[in-house]
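What follows is a set of notes on a single structure, which appears directly below.
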Amino acid sequence: MELGERKRLLSSPLEGDGREENKLKRGISQDLTSSPKLDRYKIARQLAERAIKEKKIFSIYGHYPVVRAALRRRGWVEKKFHFLPKGIASVQDGSDGVAESKCAEGKENQREALGKMEDIHDAMARLVKNEMPYFLWTIKRDIIDCHSLHCDQMLNHYGKTASFTTKIGLCWNLRSLPWYVQSNPDTFFPRCYSLCTESEKQAFLDDFRLTMASSILKWVVSHQNCSRSKDRSGREEAGDSDLNHKTGPENANSKLTGLSGQLVGLACKVCQDYLGQLEHEDIDVSEDDAKDLTEDEWRDLTQQYYSLIRGDVYISNSRNHFSQCQALLNKISCVNPQTEIDGLQNIWIVKPAAKSRGQDIVCMNRVEEILELVAADHLSAKDNKWVVQKYIETPLLIYDTKFDIRQWFLVTDWNPLTIWFYKDSYLRFSTQRFSLDNLDSAIHLCNNSIQKHLKNDKGRSLLLPQHNMWTSSRFQEYLQQRGQGSMWGSVIYPSMKRVVADTMQVAQSCMEPRRNSFELYGADFVLGRDFRPWLIEINSSPTMYPSTPVTAQLCPQVQEDIISVVVGRRDDCCCDVGNFELLWRQPAVGLPPSHGPNLCVEGLSVRKARKHVSPISSFKFPSSVLDIQPPKERCPVASPGPTPEPPQTAAQPDVKLKDAKVLSCSLPKPLKRPTVRGCKVKSIPAESGGRVELPACDFQHVDNKAAKSGLTKAGCDRHSDTSGLKEHSLLSMLPSFGTMEGTLCRPAQPSGLPGDLSTLPCLVCCSPLAPAGSCKRCRSFCTAVLHGASFVPLSRPGGPGAP
């Protein structure tokens, strides 16, 4: 979209809203004959009431005139704050820290003071001062706690973005990228280490030594290629007239100290060991057999490398190692995509883990100085967190000057992840010419917060702008002039989109999603010689301050488009979103199926346990019962059987009593017995006092009152035929008893008992016992006793079966 057309589109809604508001004012003024101030107040009241009804009230912390004007054109009313939150006056706008200019603020006040509409906005602000704002735009996320906001309130920040907006967070999270997407972070993010732990320090030291070894091989290859090119050009110019003139490296470096080929041999060994580890050839090699370099050998190799890079020494007979070094470098390039950006100097950039705006960032190429810097004791625990990242030694240069690209993207939701990529971006140039011989930050850092304090180098190309910025459109024109115009659309722009999408997918698991929130981020890229973008860092709250003509054009434009995306799309999903394009929208994912344990209950329901019945060892029989004499005749067998079996005590559940004053008994549950059995009762002389012994059973009063007298227990041995019951005439007087099979049979009446049993009392209630059945008053008790007891036939003393 052309710039003129875009300005026309932006101005058309403004004019339309103005005409509508003027029409409303004219209508009110025709009906009312009051002063113009009263007319403006009534208009402000109507607009404020409509904004309250439609929930269109916003608040802004900071200097954002574009956002304020864009919201007002859409019918939003500002709720002004007469005080700023703590720290708002000193905080910088964005991670780049652009100061708020008083001059710009004065110009804004002058523009807003023009016309009578300013009075209307002030009046509307007073009318909504007690209302809740539904749109909040702040400089930084710490000003407002997002957890205390209502679900309908919109905020231009997310919480917990340190996983990708800090250098240490980006360093750690991108290592887990292969678990989320099929991509290798080494293809777009220079390898990085957090020097907070000893393991990370050792990993950085190993990487530095490996890069040093590969740099030695690169020196051999590049030096030999340079010598061949010089020889070829010299022969073409001289026509091979002077064959005795030597231009080889040995002759050119005749005044320098020559190093033996042992340095190249050690470097080749280190690279071969690295390739072997990638092929897992070191698994079967023990630590004793592994011939690694000692610390002294590493120290000597490092010092020789420093001298070689500075140009103090050279490698004699380097052409003899050319083929081996070239072959190893080709193999390393196939497995390490960052071989091209390593260069020869082995430069690393050391950054504070959580600082921004280029503060305390230095470039270093000596490992001992780097480790000494991060191990300084005078630094606090908070500041003693450093990140070291491989510096891109082969960047793409424009007129021998380094630059980086600031690319905006907008995240409107984290679940599902929704990313909007901005089509326009801008380039930031350094004020100095690029050189690896000088590691000054003014040469290698392109942050505007650093470069704005420096003057442009006199030796820098005049084709570069004085304000050190280009738009992406101007950069595309530059590529087109050099015959590389397709690189932007085929390599640079698609690669930046892919890097942003992959990085956000990794950070999604660490984010705290919130509905009705959004945030704009600024990603910094550096292009390599092959036009591939390398991600350096991602900034939260990028600056929107118009510091240069480039930012004065792009920053208002991106703010206007943000309002179109987050506000305009709520009313119309097909509205114009400017230069934003939807980069990534995660498909809606349903709830995953539960793979937890099966919690279904199978089986019978749990029944309430019966009340525990405590046993009573004895109780007192009535005197009439105790006076009964034992029978003199043998009782016939109740059930015919071939052989008497040992008596067994059966279990039976408790039976409720019909009368609460009688006793209850708890007997063991009856055991299963064979169907054919016999029962016999041995004749045992009665003890003195007329007491008898019955099968062991537990008795308890229902009213929980203990009995006053006891009954002697009779021991019952279920494994012996000789164990039985004490002989008593009471057993013959009971009308019937239940067998183990549940049948009720009538015992035969002994001949020694009287014929009329109606005068005999009951065992429990002392009532007359009917001869044809059990006691009518306590029938259930007698039935329980008879059903659960085991009997043997009664015999006369001295008769058959007597002992």
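Please note that chains go A, B, ... in the order of the structure tokens, that every chain numbers its residues from 1, and that ligands are numbered from 1 in the order shown.
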Dump as a tab-separated table the rows for residues of segment 430-509 of chain A within 12 Å of segment 170-180 of chain A: closest atom pair and distance in Å with one decimal, only C-alpha atoms counted, ordered by chain and rising residue number.
```
residue	atom	partner	partner_atom	distance
A:Val499	CA	A:Leu174	CA	10.8
A:Val500	CA	A:Leu174	CA	11.6
A:Ala501	CA	A:Tyr180	CA	11.2
A:Asp502	CA	A:Leu177	CA	7.5
A:Thr503	CA	A:Leu174	CA	7.0
A:Met504	CA	A:Leu174	CA	9.9
A:Gln505	CA	A:Tyr180	CA	7.0
A:Val506	CA	A:Leu177	CA	6.0
A:Ala507	CA	A:Asn173	CA	7.0
A:Gln508	CA	A:Tyr180	CA	10.1
A:Ser509	CA	A:Tyr180	CA	10.0
```
(message) DSSP on the backbone, strand (DSSP E or B) only: what residues of segment 272-502 of chain A does that give? Format it as a PyMOL selection string.
(response) chain A and resi 313-315+348-352+362-364+386-390+395+403-414+417-429+469-471
(message) Applying 10 Å and only C-alpha atoms, which residues near Thr257 of chain A remain after dropping the ones on its own chain fewer than 3 positions away? List them as a list in words.
(response)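 Within the cut-off, the hits are Asn253, Ser254, Ser260, Ser307, Leu308, Gly311, Asp312, Val313, Tyr314, Ile315 and Ser316 of chain A.
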(request) Could you tell me which of A:Gln559, A:Gln153, A:Ser199, A:Thr161 comes closest to Phe580 of chain A if we count only C-alpha atoms? (result)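 Of A:Gln559, A:Gln153, A:Ser199, A:Thr161, the one nearest Phe580 of chain A, counting only C-alpha atoms, is A:Gln559.
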(request) Go ahead and compute the interatomic distance for atom CA of Trp298 of chain A and atom CA of Ile361 of chain A, in Å to one decimal. (result)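 Atom CA of Ile361 of chain A lies at a distance of 27.7 Å from atom CA of Trp298 of chain A.
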